[in-house]
Amino acid sequence: MPSEIVVVPTYNEREMLPLFLEEFARAGGECLIVDDSSPDGTGELADDLARDRPWLHVLHRPDKEGLGAAYRAGFAWALERGYERIGQMDCDLSHPPSAIAAMRAAVGRGAGLVLGSRYVAGGGTRGWSLPRRVISRVGCVTAMRVLRLPYPDLTGGFKLWTADALRLIDVSTTVSNGYIFQVESTRRAHIAGVRIEEVPFVFVERLHGASKMSPAIAREGARILWTLRRDGWRPRRRGSAPVSAEPHITSP
Ligand SMILES: Nc1nc2c(ncn2[C@@H]2O[C@H](COP(=O)(O)OP(=O)(O)O)[C@@H](O)[C@H]2O)c(=O)[nH]1
Ligand SMILES: [Mg+2]
């Protein structure tokens with residue numbers, strides 16, 4: 001089996017981190033926590049927990065710069081070390097580690113990017129207020145329409161990439177920092193011809209801690225969406241990432 005690591009950005013997740021790691025351990029594989037010097041001590045707790053968990057790694061960043069910056073740093077760390085599959089997920093158990101197996105299977109079938117999706121058959125959200133559901137759906141549908149992409153869950157952050165696909169999209173040169181990073185990276189994969197599969201999962205609202213979603217992050221998303229539509233990003237070179245024109249949906 002090729003090697004795999006899942007990149008997990010954290011900011012003030014002290015309560016969720018031990019619960020997340022317990023579940024993650026059941027799914028197996030390695031995990032890289034990317035902590036932006038959380039004031040609540042999440043980074044130090046991760047260091048403590050990593051001492052007797054050889055599969056757990058911790059990357060400390062000096063400042064809170066948003067999800068996109070944390071992912072760029074984590075992906076660079078993993079690519080430098082030669083991991084062949086690189087995942088991404090939140091630390092609050094909204095993304096169930098038990099769904100990773102289905103994502104691995106999709107890579108096994110030839111996908112270069114697997115999108116965990118709330119909005120394909122079998123997926124959903126649990127514990128969200130009506131306004132939160134509406135904001136998420138409107139955001140996803142707007143991103144789909146503006147960028148003319150066929151994936152209904154574009155803003156989700158539960159994904160599994162092959163290293164080849166991440167190199168092909170030149171992930172280190174992406175520009176967004178908030179949740180729109182998810183849209184920008186998937187759009188590049190689509191343009192580059194990476195084979196993209198969607199795997200359903202049910203998003204469960206966090207039990208502890210607070211969402212870092214803010215009006216500023218939503219504004220950044222709206223602004224960058226239009227910038228992305230105008231920019232003519234093209235891959236620099238063809239890598240060996242599997243290529244296919246049509247998206248695939250995997251049944252639960
Ligand atoms: N390193 C880092 N992690 C972040 C930052 N913002 C959010 N996160 C983490 O990204 C994940 C998703 O954030 P969350 O607030 O749960 O978003 P929501 O699920 O959309 O409400 C969580 O694991 C957060 O701790 C950031 O600026 N830096
Ligand atoms: Mg969350």
# chains A, B, ... in the order shown; residues from 1 in each chain; ligands from 1

call {"tool": "select_by_dssp", "arguments": {"residues": "region 77-162 of chain A", "states": "helix (DSSP H, G or I)", "output": "ChimeraX atom specification"}}
result
/A:77-80,97-108,130-147

call {"tool": "residues_near_ligand", "arguments": {"ligand": "ligand 2", "cutoff": "6 Å", "atoms": "only C-alpha atoms and all ligand atoms", "output": "list in words"}}
result
Asp92, Ser94 and Ser211 of chain A

call {"tool": "residues_around", "arguments": {"residues": "region 167-173 of chain A", "least_positions_apart": "2", "cutoff": "12 Å", "atoms": "only C-alpha atoms", "output": "MDAnalysis selection string"}}
result
chainID A and resid 68:80 82:86 112:113 161:165 175:177 181:182 184:195 233:243

call {"tool": "closest_atom_pairs", "arguments": {"of": "chain A", "to": "ligand 1", "cutoff": "6 Å", "atoms": "only C-alpha atoms and all ligand atoms", "output": "CSV"}}
result
residue,atom,partner,partner_atom_place_in_ligand_line,distance
A:Pro9,CA,ligand 1,3 (N),4.0
A:Thr10,CA,ligand 1,25 (O),3.5
A:Tyr11,CA,ligand 1,25 (O),4.0
A:Glu13,CA,ligand 1,25 (O),5.6
A:Val34,CA,ligand 1,1 (N),5.2
A:Asp35,CA,ligand 1,1 (N),4.4
A:Asp36,CA,ligand 1,1 (N),4.4
A:Lys64,CA,ligand 1,27 (O),4.6
A:Glu65,CA,ligand 1,27 (O),4.9
A:Gly66,CA,ligand 1,27 (O),3.1
A:Leu67,CA,ligand 1,26 (C),4.6
A:Ala70,CA,ligand 1,1 (N),5.0
A:Asp90,CA,ligand 1,23 (O),3.9
A:Cys91,CA,ligand 1,23 (O),3.8
A:Asp92,CA,ligand 1,23 (O),5.6
A:Ser211,CA,ligand 1,15 (O),3.3
A:Lys212,CA,ligand 1,15 (O),3.6
A:Met213,CA,ligand 1,21 (O),5.4

call {"tool": "closest_residue", "arguments": {"among": "A:Arg109, A:Arg133, A:Lys159, A:Arg206", "to": "Val6 (chain A)", "atoms": "only C-alpha atoms"}}
result
A:Lys159

call {"tool": "closest_atom_pairs", "arguments": {"of": "region 6-119 of chain A", "to": "region 138-154 of chain A", "cutoff": "10 Å", "atoms": "only C-alpha atoms", "output": "tab-separated table"}}
result
residue	atom	partner	partner_atom	distance
A:Leu115	CA	A:Asp153	CA	8.0
A:Gly116	CA	A:Asp153	CA	8.1
A:Ser117	CA	A:Asp153	CA	5.5
A:Arg118	CA	A:Asp153	CA	6.3
A:Tyr119	CA	A:Asp153	CA	5.7

call {"tool": "select_by_dssp", "arguments": {"residues": "region 178-250 of chain A", "states": "strand (DSSP E or B)", "output": "MDAnalysis selection string"}}
result
chainID A and resid 194 196:200 202:204 243 248:249

call {"tool": "write_last_selection", "arguments": {"atoms": "N, CA and C atoms", "output": "mmCIF file, in the first residue's frame"}}
result
data_model
loop_
_atom_site.group_PDB
_atom_site.id
_atom_site.type_symbol
_atom_site.label_atom_id
_atom_site.label_comp_id
_atom_site.auth_asym_id
_atom_site.auth_seq_id
_atom_site.Cartn_x
_atom_site.Cartn_y
_atom_site.Cartn_z
ATOM 1 N N VAL A 194 -7.577 16.217 -13.551
ATOM 2 C CA VAL A 194 -7.459 15.176 -12.524
ATOM 3 C C VAL A 194 -8.790 14.434 -12.432
ATOM 4 N N ILE A 196 -11.774 13.127 -10.654
ATOM 5 C CA ILE A 196 -12.363 13.499 -9.369
ATOM 6 C C ILE A 196 -13.559 12.598 -9.080
ATOM 7 N N GLU A 197 -13.564 11.976 -7.909
ATOM 8 C CA GLU A 197 -14.708 11.164 -7.465
ATOM 9 C C GLU A 197 -15.329 11.809 -6.239
ATOM 10 N N GLU A 198 -16.630 11.644 -6.062
ATOM 11 C CA GLU A 198 -17.314 12.157 -4.880
ATOM 12 C C GLU A 198 -17.813 10.999 -4.032
ATOM 13 N N VAL A 199 -17.558 11.075 -2.741
ATOM 14 C CA VAL A 199 -17.971 10.030 -1.808
ATOM 15 C C VAL A 199 -18.877 10.693 -0.759
ATOM 16 N N PRO A 200 -20.098 10.187 -0.558
ATOM 17 C CA PRO A 200 -21.002 10.845 0.397
ATOM 18 C C PRO A 200 -20.572 10.651 1.847
ATOM 19 N N VAL A 202 -21.986 12.163 6.051
ATOM 20 C CA VAL A 202 -22.884 13.036 6.818
ATOM 21 C C VAL A 202 -22.036 13.899 7.752
ATOM 22 N N PHE A 203 -22.138 15.216 7.543
ATOM 23 C CA PHE A 203 -21.417 16.201 8.343
ATOM 24 C C PHE A 203 -22.158 16.380 9.662
ATOM 25 N N VAL A 204 -21.459 16.152 10.776
ATOM 26 C CA VAL A 204 -22.092 16.281 12.095
ATOM 27 C C VAL A 204 -21.510 17.508 12.789
ATOM 28 N N VAL A 243 -6.456 10.912 -15.205
ATOM 29 C CA VAL A 243 -7.210 11.968 -15.871
ATOM 30 C C VAL A 243 -8.540 11.413 -16.364
ATOM 31 N N HIS A 248 -17.255 11.323 -10.941
ATOM 32 C CA HIS A 248 -17.877 10.055 -10.585
ATOM 33 C C HIS A 248 -18.492 10.190 -9.208
ATOM 34 N N ILE A 249 -19.603 9.545 -8.991
ATOM 35 C CA ILE A 249 -20.206 9.544 -7.667
ATOM 36 C C ILE A 249 -20.232 8.110 -7.165
#

call {"tool": "atom_distance", "arguments": {"atom1": "CA of Ser37 (chain A)", "atom2": "CA of Asn12 (chain A)"}}
result
8.7 Å
